[in-house]
>>> print(open('input36.pdb').read())   # PDB, C-alpha atoms, pLDDT in the B column
MODEL        1
ATOM      1  CA  ARG A 347      22.661 -29.541 101.821  1.00 61.00           C
ATOM      2  CA  THR A 348      21.284 -26.006 101.768  1.00 68.00           C
ATOM      3  CA  SER A 349      23.628 -25.127  98.905  1.00 71.00           C
ATOM      4  CA  HIS A 350      21.997 -27.887  96.805  1.00 78.00           C
ATOM      5  CA  LEU A 351      18.605 -26.308  97.396  1.00 79.00           C
ATOM      6  CA  LEU A 352      19.927 -22.910  96.356  1.00 78.00           C
ATOM      7  CA  GLU A 353      21.502 -24.390  93.238  1.00 78.00           C
ATOM      8  CA  ALA A 354      18.283 -26.224  92.390  1.00 79.00           C
ATOM      9  CA  SER A 355      16.258 -23.072  92.906  1.00 74.00           C
ATOM     10  CA  ALA A 356      18.586 -21.066  90.656  1.00 76.00           C
ATOM     11  CA  TYR A 357      18.410 -23.783  87.996  1.00 79.00           C
ATOM     12  CA  LEU A 358      14.602 -23.856  88.070  1.00 76.00           C
ATOM     13  CA  THR A 359      14.393 -20.069  87.888  1.00 75.00           C
ATOM     14  CA  LYS A 360      16.612 -20.120  84.815  1.00 78.00           C
ATOM     15  CA  GLN A 361      14.562 -22.882  83.184  1.00 75.00           C
ATOM     16  CA  HIS A 362      11.312 -21.048  83.889  1.00 75.00           C
ATOM     17  CA  ALA A 363      12.684 -17.882  82.298  1.00 80.00           C
ATOM     18  CA  LEU A 364      13.539 -19.894  79.180  1.00 81.00           C
ATOM     19  CA  ARG A 365       9.998 -21.309  78.948  1.00 91.00           C
ATOM     20  CA  ALA A 366       8.046 -18.098  79.570  1.00 93.00           C
ATOM     21  CA  PRO A 367       8.414 -16.709  76.003  1.00 94.00           C
ATOM     22  CA  PHE A 368       6.789 -19.861  74.617  1.00 96.00           C
ATOM     23  CA  TYR A 369       3.705 -19.119  76.715  1.00 96.00           C
ATOM     24  CA  ILE A 370       3.584 -15.599  75.278  1.00 97.00           C
ATOM     25  CA  LYS A 371       3.847 -17.052  71.782  1.00 97.00           C
ATOM     26  CA  ALA A 372       0.994 -19.477  72.534  1.00 97.00           C
ATOM     27  CA  ALA A 373      -1.122 -16.567  73.814  1.00 97.00           C
ATOM     28  CA  ARG A 374      -0.540 -14.712  70.523  1.00 97.00           C
ATOM     29  CA  LYS A 375      -1.661 -17.792  68.606  1.00 97.00           C
ATOM     30  CA  SER A 376      -4.824 -17.942  70.724  1.00 96.00           C
ATOM     31  CA  PHE A 377      -5.495 -14.293  69.885  1.00 95.00           C
ATOM     32  CA  GLN A 378      -5.032 -14.942  66.161  1.00 95.00           C
ATOM     33  CA  LYS A 379      -7.405 -17.916  66.284  1.00 94.00           C
ATOM     34  CA  GLY A 380      -9.951 -15.938  68.304  1.00 94.00           C
ATOM     35  CA  LEU A 381      -9.745 -13.048  65.856  1.00 93.00           C
ATOM     36  CA  LYS A 382     -10.396 -15.407  62.933  1.00 93.00           C
ATOM     37  CA  GLN A 383     -13.416 -16.780  64.785  1.00 92.00           C
ATOM     38  CA  GLN A 384     -14.685 -13.279  65.502  1.00 90.00           C
ATOM     39  CA  GLN A 385     -14.290 -12.296  61.844  1.00 89.00           C
ATOM     40  CA  GLY A 386     -16.065 -15.439  60.638  1.00 87.00           C
ATOM     41  CA  ILE A 387     -12.967 -16.794  58.867  1.00 88.00           C
ATOM     42  CA  ASP A 388     -12.767 -19.747  61.256  1.00 87.00           C
ATOM     43  CA  LYS A 389     -16.252 -21.186  61.470  1.00 86.00           C
ATOM     44  CA  SER A 390     -15.442 -23.686  64.237  1.00 85.00           C
ATOM     45  CA  ASN A 391     -16.813 -21.210  66.791  1.00 81.00           C
ATOM     46  CA  SER A 392     -18.501 -17.842  66.371  1.00 77.00           C
ATOM     47  CA  ASP A 393     -17.614 -16.680  69.883  1.00 82.00           C
ATOM     48  CA  PRO A 394     -13.883 -16.097  70.486  1.00 87.00           C
ATOM     49  CA  TYR A 395     -14.299 -16.283  74.295  1.00 88.00           C
ATOM     50  CA  ILE A 396     -12.611 -19.700  74.573  1.00 91.00           C
ATOM     51  CA  LYS A 397      -9.561 -18.518  72.618  1.00 93.00           C
ATOM     52  CA  GLN A 398      -9.465 -15.301  74.638  1.00 93.00           C
ATOM     53  CA  HIS A 399      -9.565 -17.269  77.891  1.00 92.00           C
ATOM     54  CA  GLU A 400      -6.967 -19.729  76.608  1.00 94.00           C
ATOM     55  CA  GLY A 401      -4.673 -16.811  75.743  1.00 95.00           C
ATOM     56  CA  GLN A 402      -5.166 -15.230  79.142  1.00 93.00           C
ATOM     57  CA  LEU A 403      -4.141 -18.489  80.817  1.00 94.00           C
ATOM     58  CA  GLN A 404      -0.994 -18.605  78.683  1.00 96.00           C
ATOM     59  CA  VAL A 405      -0.150 -15.033  79.725  1.00 96.00           C
ATOM     60  CA  LEU A 406      -0.607 -15.916  83.387  1.00 94.00           C
ATOM     61  CA  GLY A 407       1.618 -18.958  82.912  1.00 94.00           C
ATOM     62  CA  ALA A 408       4.378 -16.787  81.440  1.00 95.00           C
ATOM     63  CA  LEU A 409       4.137 -14.287  84.293  1.00 94.00           C
ATOM     64  CA  ASP A 410       4.198 -17.081  86.852  1.00 92.00           C
ATOM     65  CA  LEU A 411       7.335 -18.541  85.257  1.00 92.00           C
ATOM     66  CA  ALA A 412       9.237 -15.248  85.015  1.00 92.00           C
ATOM     67  CA  PRO A 413       7.773 -12.784  87.542  1.00 92.00           C
ATOM     68  CA  GLU A 414      10.880 -10.580  87.610  1.00 92.00           C
ATOM     69  CA  ASP A 415      11.471 -10.386  83.850  1.00 95.00           C
ATOM     70  CA  ALA A 416      10.535  -6.956  82.482  1.00 96.00           C
ATOM     71  CA  GLU A 417      10.497  -8.188  78.873  1.00 97.00           C
ATOM     72  CA  ILE A 418       7.983 -10.905  79.728  1.00 97.00           C
ATOM     73  CA  TRP A 419       5.776  -8.321  81.476  1.00 97.00           C
ATOM     74  CA  LEU A 420       5.979  -6.055  78.430  1.00 98.00           C
ATOM     75  CA  GLU A 421       5.102  -8.834  75.994  1.00 98.00           C
ATOM     76  CA  ALA A 422       2.349 -10.079  78.316  1.00 97.00           C
ATOM     77  CA  ALA A 423       0.865  -6.569  78.352  1.00 97.00           C
ATOM     78  CA  LYS A 424       0.906  -6.377  74.568  1.00 97.00           C
ATOM     79  CA  VAL A 425      -0.800  -9.710  74.019  1.00 97.00           C
ATOM     80  CA  SER A 426      -3.258  -9.023  76.850  1.00 95.00           C
ATOM     81  CA  LEU A 427      -4.350  -5.827  75.147  1.00 96.00           C
ATOM     82  CA  LEU A 428      -4.856  -7.758  71.909  1.00 95.00           C
ATOM     83  CA  LEU A 429      -6.842 -10.422  73.748  1.00 95.00           C
ATOM     84  CA  ALA A 430      -8.934  -7.684  75.353  1.00 94.00           C
ATOM     85  CA  SER A 431     -10.038  -6.578  71.900  1.00 93.00           C
ATOM     86  CA  LEU A 432     -11.863  -9.900  71.481  1.00 93.00           C
ATOM     87  CA  GLY A 433     -14.411  -8.993  74.183  1.00 86.00           C
ATOM     88  CA  GLU A 434     -14.908  -7.573  77.697  1.00 71.00           C
ATOM     89  CA  SER A 435     -12.251  -5.059  76.773  1.00 69.00           C
ATOM     90  CA  GLU A 436     -12.351  -2.423  79.524  1.00 74.00           C
ATOM     91  CA  GLY A 437     -11.377  -4.677  82.429  1.00 79.00           C
ATOM     92  CA  GLU A 438      -8.820  -6.558  80.393  1.00 84.00           C
ATOM     93  CA  ALA A 439      -7.282  -3.295  79.187  1.00 89.00           C
ATOM     94  CA  GLN A 440      -6.767  -2.317  82.829  1.00 91.00           C
ATOM     95  CA  HIS A 441      -4.917  -5.599  83.388  1.00 92.00           C
ATOM     96  CA  ALA A 442      -2.689  -4.792  80.415  1.00 94.00           C
ATOM     97  CA  LEU A 443      -2.074  -1.325  81.862  1.00 95.00           C
ATOM     98  CA  ALA A 444      -0.952  -2.915  85.144  1.00 95.00           C
ATOM     99  CA  MET A 445       1.422  -5.173  83.192  1.00 96.00           C
ATOM    100  CA  PHE A 446       2.911  -2.217  81.295  1.00 97.00           C
ATOM    101  CA  ALA A 447       3.467  -0.499  84.658  1.00 96.00           C
ATOM    102  CA  ARG A 448       5.153  -3.570  86.142  1.00 95.00           C
ATOM    103  CA  ALA A 449       7.436  -3.870  83.099  1.00 96.00           C
ATOM    104  CA  ALA A 450       8.438  -0.205  83.416  1.00 95.00           C
ATOM    105  CA  LYS A 451       8.997  -0.572  87.171  1.00 94.00           C
ATOM    106  CA  LEU A 452      11.332  -3.521  86.572  1.00 94.00           C
ATOM    107  CA  ASP A 453      13.172  -1.791  83.705  1.00 95.00           C
ATOM    108  CA  GLY A 454      12.651   1.898  82.952  1.00 92.00           C
ATOM    109  CA  THR A 455      13.450   1.429  79.259  1.00 94.00           C
ATOM    110  CA  LYS A 456      10.274  -0.613  78.879  1.00 95.00           C
ATOM    111  CA  LEU A 457       8.221   2.566  79.282  1.00 95.00           C
ATOM    112  CA  GLN A 458       9.444   3.914  75.932  1.00 95.00           C
ATOM    113  CA  ALA A 459       9.090   0.472  74.375  1.00 96.00           C
ATOM    114  CA  ALA A 460       5.471   0.338  75.545  1.00 96.00           C
ATOM    115  CA  LEU A 461       4.719   3.806  74.183  1.00 96.00           C
ATOM    116  CA  ALA A 462       6.310   2.920  70.849  1.00 96.00           C
ATOM    117  CA  TRP A 463       4.244  -0.249  70.541  1.00 96.00           C
ATOM    118  CA  LEU A 464       1.036   1.444  71.657  1.00 96.00           C
ATOM    119  CA  GLY A 465       1.565   4.215  69.114  1.00 93.00           C
ATOM    120  CA  ARG A 466       2.375   1.911  66.206  1.00 90.00           C
ATOM    121  CA  LYS A 467      -0.206   1.503  63.454  1.00 85.00           C
ATOM    122  CA  GLU A 468      -0.671  -2.133  62.537  1.00 82.00           C
ATOM    123  CA  GLU A 469      -1.743  -2.974  59.006  1.00 83.00           C
ATOM    124  CA  LYS A 470      -4.577  -5.372  59.901  1.00 86.00           C
ATOM    125  CA  GLU A 471      -5.531  -3.811  63.224  1.00 89.00           C
ATOM    126  CA  THR A 472      -9.213  -3.992  64.143  1.00 91.00           C
ATOM    127  CA  ARG A 473     -11.175  -0.950  65.243  1.00 91.00           C
ATOM    128  CA  GLU A 474     -11.319  -2.320  68.804  1.00 92.00           C
ATOM    129  CA  GLU A 475      -7.546  -2.922  68.917  1.00 92.00           C
ATOM    130  CA  LYS A 476      -6.982   0.648  67.749  1.00 93.00           C
ATOM    131  CA  ARG A 477      -9.395   2.004  70.382  1.00 92.00           C
ATOM    132  CA  LEU A 478      -7.742   0.049  73.202  1.00 93.00           C
ATOM    133  CA  ARG A 479      -4.220   1.048  72.161  1.00 93.00           C
ATOM    134  CA  LYS A 480      -5.282   4.686  72.155  1.00 94.00           C
ATOM    135  CA  LEU A 481      -6.991   4.334  75.547  1.00 93.00           C
ATOM    136  CA  VAL A 482      -3.993   2.687  77.225  1.00 94.00           C
ATOM    137  CA  ARG A 483      -1.441   4.922  75.473  1.00 95.00           C
ATOM    138  CA  SER A 484      -3.187   8.033  76.804  1.00 93.00           C
ATOM    139  CA  GLN A 485      -2.663   6.720  80.337  1.00 92.00           C
ATOM    140  CA  VAL A 486       0.921   5.468  79.829  1.00 94.00           C
ATOM    141  CA  LYS A 487       1.949   8.832  78.301  1.00 92.00           C
ATOM    142  CA  LYS A 488       1.283  10.470  81.679  1.00 91.00           C
ATOM    143  CA  TRP A 489       4.006   8.383  83.328  1.00 92.00           C
ATOM    144  CA  ASN A 490       7.709   9.066  83.376  1.00 78.00           C
ATOM    145  CA  GLU A 491      10.495   6.641  84.214  1.00 67.00           C
ATOM    146  CA  SER A 492      10.866   7.852  87.769  1.00 68.00           C
ATOM    147  CA  GLN A 493       7.146   7.912  88.553  1.00 87.00           C
ATOM    148  CA  VAL A 494       5.484   4.844  87.096  1.00 91.00           C
ATOM    149  CA  PRO A 495       2.417   4.175  89.240  1.00 88.00           C
ATOM    150  CA  ASP A 496       2.098   1.084  91.402  1.00 88.00           C
ATOM    151  CA  ILE A 497      -0.951  -0.528  89.826  1.00 89.00           C
ATOM    152  CA  PRO A 498      -1.937  -3.566  91.877  1.00 85.00           C
ATOM    153  CA  ILE A 499      -1.719  -6.913  90.108  1.00 85.00           C
ATOM    154  CA  THR A 500      -5.151  -8.217  91.023  1.00 79.00           C
ATOM    155  CA  PHE A 501      -5.696 -10.721  88.228  1.00 75.00           C
ATOM    156  CA  VAL A 502      -3.360 -13.422  89.495  1.00 67.00           C
ATOM    157  CA  SER A 503      -3.032 -14.508  93.096  1.00 58.00           C
ATOM    158  CA  THR A 504       0.500 -15.952  92.911  1.00 59.00           C
ATOM    159  CA  LEU A 505       2.139 -12.630  92.025  1.00 57.00           C
ATOM    160  CA  LYS A 506       2.666  -9.828  94.459  1.00 53.00           C
TER     161      LYS A 506
ENDMDL
END
>>> encode(input="input36.pdb", output="structure tokens")
Amino acid sequence: RTSHLLEASAYLTKQHALRAPFYIKAARKSFQKGLKQQQGIDKSNSDPYIKQHEGQLQVLGALDLAPEDAEIWLEAAKVSLLLASLGESEGEAQHALAMFARAAKLDGTKLQAALAWLGRKEEKETREEKRLRKLVRSQVKKWNESQVPDIPITFVSTLK
């Protein structure tokens, strides 16, 4: 009987890991919609807060589904930094920094991947995106694979 529970748990964990990337993709779409609202392209709302919040919820869903997946943490950090550029950026950038740290703790190769992404120049990057990338990159550059800081995950209660 216990073996059935273990099998069921393993199955659910696998299914959650398969779904998590879709939540990241949905968060990116929320960012794109929020950015269009902020730029006045989408006139349905002049304040991108709702799309920012929607994206943040998608990120949290992905992390909840795959809490031990370094790639999900890395992608969550990236999209969180983009979402931060829509407003209230300083606190949100710190959340992204914590996600980059968790990704690097789970898989040391994610540190270089984070630095590469943070240092990349995007063609249609906003001034705020550029500022936040530079801010977070300056902090991540101080880390090395053996000494990534333990930054508490304070923005979601289900993750430790």
>>> resolve_selection(input="input36.pdb", expression="the PyMOL selection byres ((chain A and resi 374-389) around 10)", output="ChimeraX atom specification")
/A:368-373,390-402,404-405,421-422,424-426,428-433,472
>>> write_last_selection(input="input36.pdb", atoms="C-alpha atoms", output="PDB file, keeping the file's coordinate frame")
ATOM      1  CA  PHE A 368       6.789 -19.861  74.617  1.00 96.00           C
ATOM      2  CA  TYR A 369       3.705 -19.119  76.715  1.00 96.00           C
ATOM      3  CA  ILE A 370       3.584 -15.599  75.278  1.00 97.00           C
ATOM      4  CA  LYS A 371       3.847 -17.052  71.782  1.00 97.00           C
ATOM      5  CA  ALA A 372       0.994 -19.477  72.534  1.00 97.00           C
ATOM      6  CA  ALA A 373      -1.122 -16.567  73.814  1.00 97.00           C
ATOM      7  CA  SER A 390     -15.442 -23.686  64.237  1.00 85.00           C
ATOM      8  CA  ASN A 391     -16.813 -21.210  66.791  1.00 81.00           C
ATOM      9  CA  SER A 392     -18.501 -17.842  66.371  1.00 77.00           C
ATOM     10  CA  ASP A 393     -17.614 -16.680  69.883  1.00 82.00           C
ATOM     11  CA  PRO A 394     -13.883 -16.097  70.486  1.00 87.00           C
ATOM     12  CA  TYR A 395     -14.299 -16.283  74.295  1.00 88.00           C
ATOM     13  CA  ILE A 396     -12.611 -19.700  74.573  1.00 91.00           C
ATOM     14  CA  LYS A 397      -9.561 -18.518  72.618  1.00 93.00           C
ATOM     15  CA  GLN A 398      -9.465 -15.301  74.638  1.00 93.00           C
ATOM     16  CA  HIS A 399      -9.565 -17.269  77.891  1.00 92.00           C
ATOM     17  CA  GLU A 400      -6.967 -19.729  76.608  1.00 94.00           C
ATOM     18  CA  GLY A 401      -4.673 -16.811  75.743  1.00 95.00           C
ATOM     19  CA  GLN A 402      -5.166 -15.230  79.142  1.00 93.00           C
ATOM     20  CA  GLN A 404      -0.994 -18.605  78.683  1.00 96.00           C
ATOM     21  CA  VAL A 405      -0.150 -15.033  79.725  1.00 96.00           C
ATOM     22  CA  GLU A 421       5.102  -8.834  75.994  1.00 98.00           C
ATOM     23  CA  ALA A 422       2.349 -10.079  78.316  1.00 97.00           C
ATOM     24  CA  LYS A 424       0.906  -6.377  74.568  1.00 97.00           C
ATOM     25  CA  VAL A 425      -0.800  -9.710  74.019  1.00 97.00           C
ATOM     26  CA  SER A 426      -3.258  -9.023  76.850  1.00 95.00           C
ATOM     27  CA  LEU A 428      -4.856  -7.758  71.909  1.00 95.00           C
ATOM     28  CA  LEU A 429      -6.842 -10.422  73.748  1.00 95.00           C
ATOM     29  CA  ALA A 430      -8.934  -7.684  75.353  1.00 94.00           C
ATOM     30  CA  SER A 431     -10.038  -6.578  71.900  1.00 93.00           C
ATOM     31  CA  LEU A 432     -11.863  -9.900  71.481  1.00 93.00           C
ATOM     32  CA  GLY A 433     -14.411  -8.993  74.183  1.00 86.00           C
ATOM     33  CA  THR A 472      -9.213  -3.992  64.143  1.00 91.00           C
TER      34      THR A 472
END
>>> residues_around(input="input36.pdb", residues="Trp463 of chain A", least_positions_apart="5", cutoff="12 Å", atoms="all atoms listed in the file", output="list in words")
Leu420, Glu421, Ala423, Lys424, Val425, Leu427, Leu428, Phe446, Lys456, Leu457, Gln458, Glu468, Lys476, Arg479, Lys480, Val482, Arg483 and Val486 of chain A
>>> residues_around(input="input36.pdb", residues="Thr500 of chain A", least_positions_apart="5", cutoff="12 Å", atoms="all atoms listed in the file", output="PyMOL selection string")
chain A and resi 406+437-438+440-445+505-506
>>> atom_distance(input="input36.pdb", atom1="atom CA of Ala439 of chain A", atom2="atom CA of Leu478 of chain A")
6.9 Å
>>> atom_distance(input="input36.pdb", atom1="atom CA of Leu358 of chain A", atom2="atom CA of Leu409 of chain A")
14.7 Å
